[in-house]
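Read through the structure below, which is laid out as C-alpha cells, and then see the notes.
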Amino acid sequence: MAEKQYSMKEAMLFSQRIAQLSKALWKSVEKDWQQWIKPYDLNINEHHILWIAYHLNGASISDVAKFGVMHVSTAFNFSKKLEERGLLQFSKRENDKRNTYIKLTEMGESILLQLMESYDPGSNSVFSGAMPLRELYGKFPDIIEMMAIVRNIYGDDFMEIFEKSFNNIECEFTEEEGKLRKNGKSREVV
C-alpha cells in the first residue's frame with residue numbers, strides 16, 4: 001500500500017476550508033442567481049436546465065442531470081414543468097428510444113436570450129467581490145485550481161461541456177450598448 005503524502009490535520013483543514021468557503025460562496029451565488037431570474041418566473045434548476053438545453057442543443061435528461069449536477073428525477077421533473085410552460089420540447093430519437101431528449105422551444109430560447117441581455121454585473125456580489133482582483137491583475141481570476149478539483153470529481157466530459165458553453169457565449173454573442181446580444185453565428189453543438 002502506498003504511503004500517504006499528507007497528515008490527517010492537513011487533510012481535515014483542507015476539507016473544512018473548502019467546505020466553509022464553498023458554503024459562503026454558494027450563498028452569495030444563489031442569492032444573485034435568484035434575483036437575476038426572478039422576473040422570468042424561473043427557479044435556479046429551471047434556468048440551469050434552459051442553459052444546458054441551449055448549449056447542448058438536444059440534451060438527454062441524463063445529460064441534463066450530469067451537467068446540471070442534479071438527480072435524474074430532479075432534471076426530469078423541472079424539465080417537465082418547463083415543457084408545460086412551452087419553454088422546452090421533449091422527444092425520443094429513432095436510434096435511442098430509452099432516453100428522453102429536450103430541446104428549447106422558440107419561447108424558451110427567447111427567454112434565455114432575454115435573461116442574458118438583462119444580466120447586470122453591478123447587482124452580482126460575486127462579480128463585485130472579484131473586481132478588486134481584476135483591477136489589481138488586469139483580469140478576472142481563472143480559478144484554475146477549483147476547475148482542476150471539479151475535473152477530478154466530475155471528469156473530463158463535465159469540464160468539456162463546461163468550457164464549450166462558455167466558448168459558445170464567446171463566439172455567439174457580442175456586446176452592444178452594454179448588453180449581450182446574439183450575433184447570428186451558430187454555436188458549437190456537443
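Simple scheme: letters A, B, ... for chains in C-alpha cells order, numbers from 1 for residues in each chain, numbers from 1 for ligands in the order shown.
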
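Within range 8-184 of chain A, the backbone-based DSSP assignment of strand (DSSP E or B) covers Ala59, Ser60, Leu88, Gln89, Phe90, Ser91, Lys92, Arg93, Asp96, Lys97, Arg98, Asn99, Thr100, Tyr101, Ile102, Lys103, Leu104, Phe173, Thr174, Glu175, Glu176, Lys179, Leu180, Arg181 and Lys182 of chain A.
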
Restrict the calculation to only C-alpha atoms, then for each residue of range 38-125 of chain A with any atom at most 12 Å from an atom of range 156-177 of chain A give the closest atom pair and their distance in Å to one decimal, rows by chain and rising residue number, as a tab-separated table.
```
residue	atom	partner	partner_atom	distance
A:His48	CA	A:Ser165	CA	11.9
A:Trp51	CA	A:Ser165	CA	8.6
A:Ile52	CA	A:Ser165	CA	8.1
A:Ala53	CA	A:Ser165	CA	10.4
A:Tyr54	CA	A:Ser165	CA	8.7
A:His55	CA	A:Ser165	CA	5.5
A:Leu56	CA	A:Ile161	CA	7.9
A:Asn57	CA	A:Ser165	CA	10.7
A:Ala59	CA	A:Ile161	CA	11.3
A:Asp63	CA	A:Phe158	CA	9.6
A:Val64	CA	A:Phe158	CA	10.9
A:Ala65	CA	A:Phe158	CA	11.1
A:Lys66	CA	A:Phe158	CA	7.6
A:Phe67	CA	A:Phe158	CA	6.1
A:Gly68	CA	A:Phe158	CA	9.4
A:Val69	CA	A:Phe158	CA	9.5
A:Leu113	CA	A:Phe173	CA	9.9
A:Met116	CA	A:Phe173	CA	9.6
A:Glu117	CA	A:Glu175	CA	9.2
A:Ser118	CA	A:Glu177	CA	12.0
A:Tyr119	CA	A:Glu175	CA	11.7
```

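Residues surrounding Phe78 in chain A within 8 Å are Asn45, Glu46 and Ile49 of chain A [only C-alpha atoms; sequence separation below 5 positions excluded].
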
message: What's around Pro141 in chain A at 12 Å? Count only C-alpha atoms, leave out sequence neighbours fewer than 2 positions away in its own chain, and write the answer as a ChimeraX atom specification.
response: /A:126-127,129-139,143-147

Emit the selected residues as a compact mmCIF listing (two decimals), in the first residue's frame, including all heavy atoms.
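Now in selection_22.txt:
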```txt
# COMPACT_ATOMS: atom_id res chain seq x y z
N VAL A 126 -20.74 38.29 -6.29
CA VAL A 126 -19.52 37.55 -6.59
C VAL A 126 -18.68 38.32 -7.61
O VAL A 126 -17.46 38.45 -7.47
CB VAL A 126 -19.83 36.12 -7.07
CG1 VAL A 126 -18.56 35.39 -7.49
CG2 VAL A 126 -20.56 35.34 -5.97
N PHE A 127 -19.35 38.87 -8.61
CA PHE A 127 -18.65 39.71 -9.59
C PHE A 127 -18.00 40.90 -8.88
O PHE A 127 -16.82 41.19 -9.08
CB PHE A 127 -19.63 40.20 -10.66
CG PHE A 127 -19.02 41.14 -11.64
CD1 PHE A 127 -18.35 40.67 -12.76
CD2 PHE A 127 -19.10 42.52 -11.45
CE1 PHE A 127 -17.76 41.55 -13.66
CE2 PHE A 127 -18.52 43.40 -12.34
CZ PHE A 127 -17.86 42.92 -13.45
N GLY A 129 -17.18 41.15 -5.79
CA GLY A 129 -16.10 40.67 -4.94
C GLY A 129 -14.82 40.37 -5.71
O GLY A 129 -13.72 40.45 -5.16
N ALA A 130 -14.95 40.05 -7.00
CA ALA A 130 -13.78 39.74 -7.83
C ALA A 130 -13.18 40.99 -8.48
O ALA A 130 -12.04 40.94 -8.96
CB ALA A 130 -14.16 38.73 -8.91
N MET A 131 -13.91 42.09 -8.50
CA MET A 131 -13.42 43.30 -9.17
C MET A 131 -12.08 43.81 -8.65
O MET A 131 -11.22 44.20 -9.44
CB MET A 131 -14.48 44.42 -9.11
CG MET A 131 -15.54 44.31 -10.18
SD MET A 131 -14.88 44.23 -11.87
CE MET A 131 -14.18 45.86 -12.05
N PRO A 132 -11.84 43.81 -7.33
CA PRO A 132 -10.51 44.26 -6.88
C PRO A 132 -9.37 43.41 -7.46
O PRO A 132 -8.30 43.94 -7.75
CB PRO A 132 -10.58 44.11 -5.35
CG PRO A 132 -12.04 44.23 -5.04
CD PRO A 132 -12.74 43.57 -6.21
N LEU A 133 -9.60 42.12 -7.66
CA LEU A 133 -8.58 41.26 -8.27
C LEU A 133 -8.40 41.62 -9.74
O LEU A 133 -7.26 41.63 -10.24
CB LEU A 133 -8.97 39.78 -8.14
CG LEU A 133 -8.94 39.24 -6.72
CD1 LEU A 133 -9.59 37.86 -6.65
CD2 LEU A 133 -7.52 39.19 -6.19
N ARG A 134 -9.49 41.92 -10.42
CA ARG A 134 -9.38 42.32 -11.83
C ARG A 134 -8.62 43.64 -11.95
O ARG A 134 -7.79 43.81 -12.84
CB ARG A 134 -10.76 42.46 -12.47
CG ARG A 134 -10.64 42.72 -13.97
CD ARG A 134 -12.01 42.81 -14.63
NE ARG A 134 -11.91 42.81 -16.06
CZ ARG A 134 -11.45 43.81 -16.81
NH1 ARG A 134 -11.00 44.92 -16.24
NH2 ARG A 134 -11.41 43.71 -18.12
N GLU A 135 -8.92 44.56 -11.05
CA GLU A 135 -8.22 45.84 -11.08
C GLU A 135 -6.74 45.67 -10.78
O GLU A 135 -5.89 46.32 -11.39
CB GLU A 135 -8.87 46.80 -10.08
CG GLU A 135 -10.26 47.25 -10.53
CD GLU A 135 -11.07 47.92 -9.44
OE1 GLU A 135 -10.53 48.19 -8.34
OE2 GLU A 135 -12.27 48.18 -9.69
N LEU A 136 -6.41 44.76 -9.87
CA LEU A 136 -5.03 44.53 -9.49
C LEU A 136 -4.24 43.79 -10.58
O LEU A 136 -3.12 44.18 -10.93
CB LEU A 136 -4.97 43.72 -8.19
CG LEU A 136 -3.59 43.43 -7.61
CD1 LEU A 136 -2.87 44.73 -7.24
CD2 LEU A 136 -3.73 42.53 -6.39
N TYR A 137 -4.85 42.73 -11.15
CA TYR A 137 -4.14 41.88 -12.11
C TYR A 137 -4.52 42.10 -13.57
O TYR A 137 -3.94 41.51 -14.46
CB TYR A 137 -4.36 40.40 -11.77
CG TYR A 137 -3.79 40.02 -10.42
CD1 TYR A 137 -4.65 39.66 -9.38
CD2 TYR A 137 -2.43 40.04 -10.18
CE1 TYR A 137 -4.14 39.31 -8.14
CE2 TYR A 137 -1.91 39.69 -8.94
CZ TYR A 137 -2.78 39.34 -7.92
OH TYR A 137 -2.28 39.00 -6.69
N GLY A 138 -5.55 42.91 -13.81
CA GLY A 138 -5.97 43.19 -15.18
C GLY A 138 -6.86 42.12 -15.79
O GLY A 138 -7.14 42.15 -16.97
N LYS A 139 -7.30 41.16 -14.99
CA LYS A 139 -8.19 40.11 -15.47
C LYS A 139 -8.89 39.47 -14.27
O LYS A 139 -8.46 39.61 -13.13
CB LYS A 139 -7.44 39.04 -16.27
CG LYS A 139 -6.46 38.23 -15.46
CD LYS A 139 -5.76 37.20 -16.33
CE LYS A 139 -4.98 36.24 -15.45
NZ LYS A 139 -5.34 34.89 -15.62
N ILE A 143 -9.41 30.75 -11.66
CA ILE A 143 -9.93 29.72 -10.76
C ILE A 143 -9.49 28.33 -11.23
O ILE A 143 -10.21 27.36 -11.14
CB ILE A 143 -11.46 29.84 -10.59
CG1 ILE A 143 -11.87 31.29 -10.34
CG2 ILE A 143 -11.95 28.97 -9.44
CD1 ILE A 143 -13.34 31.55 -10.35
N ILE A 144 -8.29 28.26 -11.72
CA ILE A 144 -7.76 27.03 -12.31
C ILE A 144 -7.69 25.88 -11.31
O ILE A 144 -7.97 24.73 -11.66
CB ILE A 144 -6.39 27.29 -12.99
CG1 ILE A 144 -5.99 26.12 -13.87
CG2 ILE A 144 -5.31 27.58 -12.00
CD1 ILE A 144 -6.39 26.32 -15.28
N GLU A 145 -7.34 26.17 -10.07
CA GLU A 145 -7.26 25.11 -9.07
C GLU A 145 -8.63 24.52 -8.78
O GLU A 145 -8.79 23.31 -8.65
CB GLU A 145 -6.61 25.62 -7.79
CG GLU A 145 -5.13 25.95 -7.97
CD GLU A 145 -4.54 26.70 -6.80
OE1 GLU A 145 -5.24 27.55 -6.22
OE2 GLU A 145 -3.36 26.43 -6.49
N MET A 146 -9.65 25.39 -8.69
CA MET A 146 -11.02 24.90 -8.45
C MET A 146 -11.48 24.07 -9.64
O MET A 146 -12.12 23.03 -9.47
CB MET A 146 -11.98 26.05 -8.19
CG MET A 146 -13.38 25.55 -7.84
SD MET A 146 -14.53 26.87 -7.46
CE MET A 146 -13.86 27.43 -5.92
N MET A 147 -11.16 24.51 -10.84
CA MET A 147 -11.54 23.75 -12.03
C MET A 147 -10.86 22.38 -12.04
O MET A 147 -11.47 21.38 -12.42
CB MET A 147 -11.22 24.55 -13.30
CG MET A 147 -12.17 25.72 -13.47
SD MET A 147 -11.75 26.84 -14.82
CE MET A 147 -11.63 25.77 -16.20
```

query: Could you name the residues that touch Glu106 in chain A at 10 Å or less, counting only C-alpha atoms, but leaving out those on the same chain fewer than 4 positions away, as a PyMOL selection string?
result: chain A and resi 86-89+110-112

How would the residues just chosen look if you wrote them out with all heavy atoms as a short mmCIF file (atom, residue, chain, number, x, y, z; two decimals), in the first residue's frame?
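Wrote it out as part16.cif, contents follow:
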```
data_model
loop_
_atom_site.label_atom_id
_atom_site.label_comp_id
_atom_site.auth_asym_id
_atom_site.auth_seq_id
_atom_site.Cartn_x
_atom_site.Cartn_y
_atom_site.Cartn_z
N GLY A 86 -44.19 25.67 -22.10
CA GLY A 86 -43.88 25.91 -23.51
C GLY A 86 -42.45 26.33 -23.77
O GLY A 86 -42.14 26.84 -24.85
N LEU A 87 -41.55 26.10 -22.81
CA LEU A 87 -40.17 26.52 -22.95
C LEU A 87 -39.24 25.41 -23.44
O LEU A 87 -38.17 25.67 -23.97
CB LEU A 87 -39.64 27.08 -21.62
CG LEU A 87 -40.46 28.22 -21.01
CD1 LEU A 87 -39.87 28.66 -19.69
CD2 LEU A 87 -40.57 29.38 -21.98
N LEU A 88 -39.67 24.17 -23.24
CA LEU A 88 -38.91 23.00 -23.68
C LEU A 88 -39.81 22.07 -24.46
O LEU A 88 -41.04 22.06 -24.27
CB LEU A 88 -38.38 22.20 -22.48
CG LEU A 88 -37.16 22.67 -21.74
CD1 LEU A 88 -36.81 21.68 -20.63
CD2 LEU A 88 -35.97 22.88 -22.64
N GLN A 89 -39.19 21.25 -25.26
CA GLN A 89 -39.89 20.24 -26.05
C GLN A 89 -39.21 18.90 -25.77
O GLN A 89 -37.99 18.80 -25.81
CB GLN A 89 -39.76 20.62 -27.52
CG GLN A 89 -40.45 19.77 -28.49
CD GLN A 89 -40.27 20.36 -29.90
OE1 GLN A 89 -39.51 21.28 -30.12
NE2 GLN A 89 -40.96 19.78 -30.83
N SER A 110 -35.98 32.42 -26.46
CA SER A 110 -36.21 33.85 -26.31
C SER A 110 -36.03 34.29 -24.85
O SER A 110 -35.37 35.30 -24.58
CB SER A 110 -37.62 34.21 -26.81
OG SER A 110 -37.90 35.55 -26.54
N ILE A 111 -36.59 33.52 -23.92
CA ILE A 111 -36.45 33.87 -22.50
C ILE A 111 -35.00 33.78 -22.07
O ILE A 111 -34.50 34.66 -21.36
CB ILE A 111 -37.37 32.99 -21.63
CG1 ILE A 111 -38.81 33.48 -21.76
CG2 ILE A 111 -36.92 32.97 -20.17
CD1 ILE A 111 -39.83 32.71 -20.99
N LEU A 112 -34.30 32.74 -22.51
CA LEU A 112 -32.89 32.59 -22.14
C LEU A 112 -32.08 33.77 -22.69
O LEU A 112 -31.24 34.33 -21.98
CB LEU A 112 -32.32 31.27 -22.65
CG LEU A 112 -30.94 30.93 -22.12
CD1 LEU A 112 -30.96 30.70 -20.61
CD2 LEU A 112 -30.38 29.72 -22.83
#
```

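For the pair CA of Lys31 in chain A and CA of Lys80 in chain A, the separation is 24.5 Å.
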
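Proximity of A:Asn183, A:Asn95, A:Asn43, A:Gln114 to Ser79 in chain A, computed with only C-alpha atoms, is greatest for A:Asn43.
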
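Of the listed residues A:His47, A:Ile18, A:Arg85, A:Ser73, the one whose atoms come nearest to Gln34 in chain A is A:His47, with distances taken using only C-alpha atoms.
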
task: Quick one: pull the distance between CA of Thr74 in chain A and CA of Ile61 in chain A, Å, one decimal.
output: 9.6 Å

- request: Using only C-alpha atoms, pick whichever of A:Trp26, A:Tyr101, A:Tyr154, A:Phe14 has the shortest atom-to-atom distance to Ser60 in chain A.
  value: A:Tyr101

Expected answer as a compact mmCIF listing (two decimals) with all heavy atoms, in the first residue's frame: helix (DSSP H, G or I) residues in range 84-150 of chain A:
```txt
# COMPACT_ATOMS: atom_id res chain seq x y z
N GLU A 84 -44.36 22.19 -19.82
CA GLU A 84 -45.74 22.64 -19.61
C GLU A 84 -45.88 24.14 -19.84
O GLU A 84 -46.93 24.61 -20.26
CB GLU A 84 -46.19 22.28 -18.19
CG GLU A 84 -46.39 20.78 -18.00
CD GLU A 84 -46.52 20.35 -16.54
OE1 GLU A 84 -46.55 21.24 -15.64
OE2 GLU A 84 -46.59 19.14 -16.29
N GLU A 106 -38.85 28.01 -29.29
CA GLU A 106 -38.54 29.41 -29.62
C GLU A 106 -38.75 30.29 -28.40
O GLU A 106 -37.94 31.18 -28.12
CB GLU A 106 -39.42 29.90 -30.77
CG GLU A 106 -38.86 29.56 -32.12
CD GLU A 106 -39.66 30.21 -33.25
OE1 GLU A 106 -40.08 31.39 -33.10
OE2 GLU A 106 -39.86 29.53 -34.28
N MET A 107 -39.85 30.04 -27.67
CA MET A 107 -40.13 30.84 -26.48
C MET A 107 -39.05 30.60 -25.40
O MET A 107 -38.61 31.54 -24.75
CB MET A 107 -41.52 30.52 -25.92
CG MET A 107 -41.92 31.43 -24.79
SD MET A 107 -43.67 31.40 -24.32
CE MET A 107 -43.97 29.68 -24.01
N GLY A 108 -38.60 29.35 -25.25
CA GLY A 108 -37.55 29.04 -24.28
C GLY A 108 -36.25 29.73 -24.62
O GLY A 108 -35.58 30.31 -23.75
N GLU A 109 -35.89 29.72 -25.90
CA GLU A 109 -34.67 30.39 -26.33
C GLU A 109 -34.81 31.90 -26.15
O GLU A 109 -33.88 32.58 -25.72
CB GLU A 109 -34.32 30.06 -27.77
CG GLU A 109 -33.01 30.67 -28.20
CD GLU A 109 -32.51 30.19 -29.56
OE1 GLU A 109 -33.05 29.24 -30.12
OE2 GLU A 109 -31.53 30.81 -30.05
N SER A 110 -35.98 32.42 -26.46
CA SER A 110 -36.21 33.85 -26.31
C SER A 110 -36.03 34.29 -24.85
O SER A 110 -35.37 35.30 -24.58
CB SER A 110 -37.62 34.21 -26.81
OG SER A 110 -37.90 35.55 -26.54
N ILE A 111 -36.59 33.52 -23.92
CA ILE A 111 -36.45 33.87 -22.50
C ILE A 111 -35.00 33.78 -22.07
O ILE A 111 -34.50 34.66 -21.36
CB ILE A 111 -37.37 32.99 -21.63
CG1 ILE A 111 -38.81 33.48 -21.76
CG2 ILE A 111 -36.92 32.97 -20.17
CD1 ILE A 111 -39.83 32.71 -20.99
N LEU A 112 -34.30 32.74 -22.51
CA LEU A 112 -32.89 32.59 -22.14
C LEU A 112 -32.08 33.77 -22.69
O LEU A 112 -31.24 34.33 -21.98
CB LEU A 112 -32.32 31.27 -22.65
CG LEU A 112 -30.94 30.93 -22.12
CD1 LEU A 112 -30.96 30.70 -20.61
CD2 LEU A 112 -30.38 29.72 -22.83
N LEU A 113 -32.35 34.17 -23.92
CA LEU A 113 -31.62 35.31 -24.51
C LEU A 113 -31.96 36.61 -23.79
O LEU A 113 -31.08 37.45 -23.57
CB LEU A 113 -31.91 35.41 -26.00
CG LEU A 113 -31.40 34.24 -26.84
CD1 LEU A 113 -31.83 34.38 -28.30
CD2 LEU A 113 -29.89 34.07 -26.73
N GLN A 114 -33.23 36.78 -23.41
CA GLN A 114 -33.62 37.97 -22.64
C GLN A 114 -32.88 38.01 -21.30
O GLN A 114 -32.43 39.07 -20.86
CB GLN A 114 -35.13 37.98 -22.38
CG GLN A 114 -35.97 38.29 -23.59
CD GLN A 114 -37.45 38.11 -23.27
OE1 GLN A 114 -37.92 38.51 -22.22
NE2 GLN A 114 -38.19 37.49 -24.20
N LEU A 115 -32.77 36.84 -20.67
CA LEU A 115 -32.03 36.76 -19.41
C LEU A 115 -30.59 37.18 -19.59
O LEU A 115 -30.04 37.92 -18.77
CB LEU A 115 -32.08 35.33 -18.88
CG LEU A 115 -33.19 35.03 -17.89
CD1 LEU A 115 -33.44 33.55 -17.77
CD2 LEU A 115 -32.85 35.64 -16.54
N MET A 116 -29.97 36.70 -20.66
CA MET A 116 -28.57 37.06 -20.91
C MET A 116 -28.43 38.56 -21.15
O MET A 116 -27.49 39.19 -20.68
CB MET A 116 -28.01 36.24 -22.06
CG MET A 116 -27.88 34.76 -21.67
SD MET A 116 -27.39 33.70 -23.02
CE MET A 116 -25.65 34.03 -23.04
N GLU A 117 -29.39 39.13 -21.88
CA GLU A 117 -29.35 40.57 -22.14
C GLU A 117 -29.60 41.39 -20.88
O GLU A 117 -29.11 42.50 -20.76
CB GLU A 117 -30.38 40.93 -23.22
CG GLU A 117 -29.99 40.48 -24.60
CD GLU A 117 -31.00 40.87 -25.67
OE1 GLU A 117 -31.85 41.75 -25.42
OE2 GLU A 117 -30.94 40.28 -26.76
N SER A 118 -30.36 40.83 -19.94
CA SER A 118 -30.70 41.58 -18.74
C SER A 118 -29.66 41.45 -17.63
O SER A 118 -29.79 42.09 -16.58
CB SER A 118 -32.07 41.13 -18.20
OG SER A 118 -31.98 39.85 -17.61
N PRO A 121 -23.99 43.11 -14.08
CA PRO A 121 -22.88 42.77 -13.21
C PRO A 121 -22.88 43.55 -11.89
O PRO A 121 -22.42 43.05 -10.87
CB PRO A 121 -21.63 43.10 -14.03
CG PRO A 121 -22.08 43.57 -15.34
CD PRO A 121 -23.57 43.63 -15.36
N GLY A 122 -23.40 44.75 -11.90
CA GLY A 122 -23.42 45.58 -10.70
C GLY A 122 -24.27 45.01 -9.57
O GLY A 122 -24.07 45.36 -8.41
N SER A 123 -25.21 44.14 -9.91
CA SER A 123 -26.05 43.55 -8.87
C SER A 123 -25.60 42.13 -8.51
O SER A 123 -26.32 41.40 -7.86
CB SER A 123 -27.51 43.54 -9.31
OG SER A 123 -27.68 42.69 -10.44
N SER A 125 -22.97 40.03 -6.44
CA SER A 125 -21.98 40.20 -5.36
C SER A 125 -20.68 39.45 -5.63
O SER A 125 -19.61 39.92 -5.23
CB SER A 125 -22.58 39.78 -4.01
OG SER A 125 -22.98 38.43 -4.04
N VAL A 126 -20.74 38.29 -6.29
CA VAL A 126 -19.52 37.55 -6.59
C VAL A 126 -18.68 38.32 -7.61
O VAL A 126 -17.46 38.45 -7.47
CB VAL A 126 -19.83 36.12 -7.07
CG1 VAL A 126 -18.56 35.39 -7.49
CG2 VAL A 126 -20.56 35.34 -5.97
N PHE A 127 -19.35 38.87 -8.61
CA PHE A 127 -18.65 39.71 -9.59
C PHE A 127 -18.00 40.90 -8.88
O PHE A 127 -16.82 41.19 -9.08
CB PHE A 127 -19.63 40.20 -10.66
CG PHE A 127 -19.02 41.14 -11.64
CD1 PHE A 127 -18.35 40.67 -12.76
CD2 PHE A 127 -19.10 42.52 -11.45
CE1 PHE A 127 -17.76 41.55 -13.66
CE2 PHE A 127 -18.52 43.40 -12.34
CZ PHE A 127 -17.86 42.92 -13.45
N SER A 128 -18.78 41.57 -8.03
CA SER A 128 -18.26 42.73 -7.29
C SER A 128 -17.08 42.34 -6.40
O SER A 128 -16.12 43.09 -6.27
CB SER A 128 -19.37 43.36 -6.45
OG SER A 128 -20.40 43.83 -7.29
N GLY A 129 -17.18 41.15 -5.79
CA GLY A 129 -16.10 40.67 -4.94
C GLY A 129 -14.82 40.37 -5.71
O GLY A 129 -13.72 40.45 -5.16
N ALA A 130 -14.95 40.05 -7.00
CA ALA A 130 -13.78 39.74 -7.83
C ALA A 130 -13.18 40.99 -8.48
O ALA A 130 -12.04 40.94 -8.96
CB ALA A 130 -14.16 38.73 -8.91
N MET A 131 -13.91 42.09 -8.50
CA MET A 131 -13.42 43.30 -9.17
C MET A 131 -12.08 43.81 -8.65
O MET A 131 -11.22 44.20 -9.44
CB MET A 131 -14.48 44.42 -9.11
CG MET A 131 -15.54 44.31 -10.18
SD MET A 131 -14.88 44.23 -11.87
CE MET A 131 -14.18 45.86 -12.05
N PRO A 132 -11.84 43.81 -7.33
CA PRO A 132 -10.51 44.26 -6.88
C PRO A 132 -9.37 43.41 -7.46
O PRO A 132 -8.30 43.94 -7.75
CB PRO A 132 -10.58 44.11 -5.35
CG PRO A 132 -12.04 44.23 -5.04
CD PRO A 132 -12.74 43.57 -6.21
N LEU A 133 -9.60 42.12 -7.66
CA LEU A 133 -8.58 41.26 -8.27
C LEU A 133 -8.40 41.62 -9.74
O LEU A 133 -7.26 41.63 -10.24
CB LEU A 133 -8.97 39.78 -8.14
CG LEU A 133 -8.94 39.24 -6.72
CD1 LEU A 133 -9.59 37.86 -6.65
CD2 LEU A 133 -7.52 39.19 -6.19
N ARG A 134 -9.49 41.92 -10.42
CA ARG A 134 -9.38 42.32 -11.83
C ARG A 134 -8.62 43.64 -11.95
O ARG A 134 -7.79 43.81 -12.84
CB ARG A 134 -10.76 42.46 -12.47
CG ARG A 134 -10.64 42.72 -13.97
CD ARG A 134 -12.01 42.81 -14.63
NE ARG A 134 -11.91 42.81 -16.06
CZ ARG A 134 -11.45 43.81 -16.81
NH1 ARG A 134 -11.00 44.92 -16.24
NH2 ARG A 134 -11.41 43.71 -18.12
N GLU A 135 -8.92 44.56 -11.05
CA GLU A 135 -8.22 45.84 -11.08
C GLU A 135 -6.74 45.67 -10.78
O GLU A 135 -5.89 46.32 -11.39
CB GLU A 135 -8.87 46.80 -10.08
CG GLU A 135 -10.26 47.25 -10.53
CD GLU A 135 -11.07 47.92 -9.44
OE1 GLU A 135 -10.53 48.19 -8.34
OE2 GLU A 135 -12.27 48.18 -9.69
N LEU A 136 -6.41 44.76 -9.87
CA LEU A 136 -5.03 44.53 -9.49
C LEU A 136 -4.24 43.79 -10.58
O LEU A 136 -3.12 44.18 -10.93
CB LEU A 136 -4.97 43.72 -8.19
CG LEU A 136 -3.59 43.43 -7.61
CD1 LEU A 136 -2.87 44.73 -7.24
CD2 LEU A 136 -3.73 42.53 -6.39
N TYR A 137 -4.85 42.73 -11.15
CA TYR A 137 -4.14 41.88 -12.11
C TYR A 137 -4.52 42.10 -13.57
O TYR A 137 -3.94 41.51 -14.46
CB TYR A 137 -4.36 40.40 -11.77
CG TYR A 137 -3.79 40.02 -10.42
CD1 TYR A 137 -4.65 39.66 -9.38
CD2 TYR A 137 -2.43 40.04 -10.18
CE1 TYR A 137 -4.14 39.31 -8.14
CE2 TYR A 137 -1.91 39.69 -8.94
CZ TYR A 137 -2.78 39.34 -7.92
OH TYR A 137 -2.28 39.00 -6.69
N ILE A 144 -8.29 28.26 -11.72
CA ILE A 144 -7.76 27.03 -12.31
C ILE A 144 -7.69 25.88 -11.31
O ILE A 144 -7.97 24.73 -11.66
CB ILE A 144 -6.39 27.29 -12.99
CG1 ILE A 144 -5.99 26.12 -13.87
CG2 ILE A 144 -5.31 27.58 -12.00
CD1 ILE A 144 -6.39 26.32 -15.28
N GLU A 145 -7.34 26.17 -10.07
CA GLU A 145 -7.26 25.11 -9.07
C GLU A 145 -8.63 24.52 -8.78
O GLU A 145 -8.79 23.31 -8.65
CB GLU A 145 -6.61 25.62 -7.79
CG GLU A 145 -5.13 25.95 -7.97
CD GLU A 145 -4.54 26.70 -6.80
OE1 GLU A 145 -5.24 27.55 -6.22
OE2 GLU A 145 -3.36 26.43 -6.49
N MET A 146 -9.65 25.39 -8.69
CA MET A 146 -11.02 24.90 -8.45
C MET A 146 -11.48 24.07 -9.64
O MET A 146 -12.12 23.03 -9.47
CB MET A 146 -11.98 26.05 -8.19
CG MET A 146 -13.38 25.55 -7.84
SD MET A 146 -14.53 26.87 -7.46
CE MET A 146 -13.86 27.43 -5.92
N MET A 147 -11.16 24.51 -10.84
CA MET A 147 -11.54 23.75 -12.03
C MET A 147 -10.86 22.38 -12.04
O MET A 147 -11.47 21.38 -12.42
CB MET A 147 -11.22 24.55 -13.30
CG MET A 147 -12.17 25.72 -13.47
SD MET A 147 -11.75 26.84 -14.82
CE MET A 147 -11.63 25.77 -16.20
N ALA A 148 -9.62 22.32 -11.59
CA ALA A 148 -8.91 21.03 -11.51
C ALA A 148 -9.58 20.10 -10.51
O ALA A 148 -9.74 18.90 -10.76
CB ALA A 148 -7.45 21.25 -11.15
N ILE A 149 -10.00 20.64 -9.38
CA ILE A 149 -10.70 19.82 -8.37
C ILE A 149 -12.00 19.30 -8.94
O ILE A 149 -12.32 18.11 -8.83
CB ILE A 149 -10.94 20.63 -7.07
CG1 ILE A 149 -9.60 20.91 -6.37
CG2 ILE A 149 -11.89 19.89 -6.13
CD1 ILE A 149 -9.70 21.93 -5.23
N VAL A 150 -12.78 20.17 -9.60
CA VAL A 150 -14.06 19.75 -10.19
C VAL A 150 -13.81 18.71 -11.28
O VAL A 150 -14.54 17.71 -11.36
CB VAL A 150 -14.84 20.97 -10.72
CG1 VAL A 150 -16.05 20.55 -11.54
CG2 VAL A 150 -15.27 21.86 -9.55
```

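You will find CA of Leu82 in chain A at 10.1 Å from CA of Ile102 in chain A.
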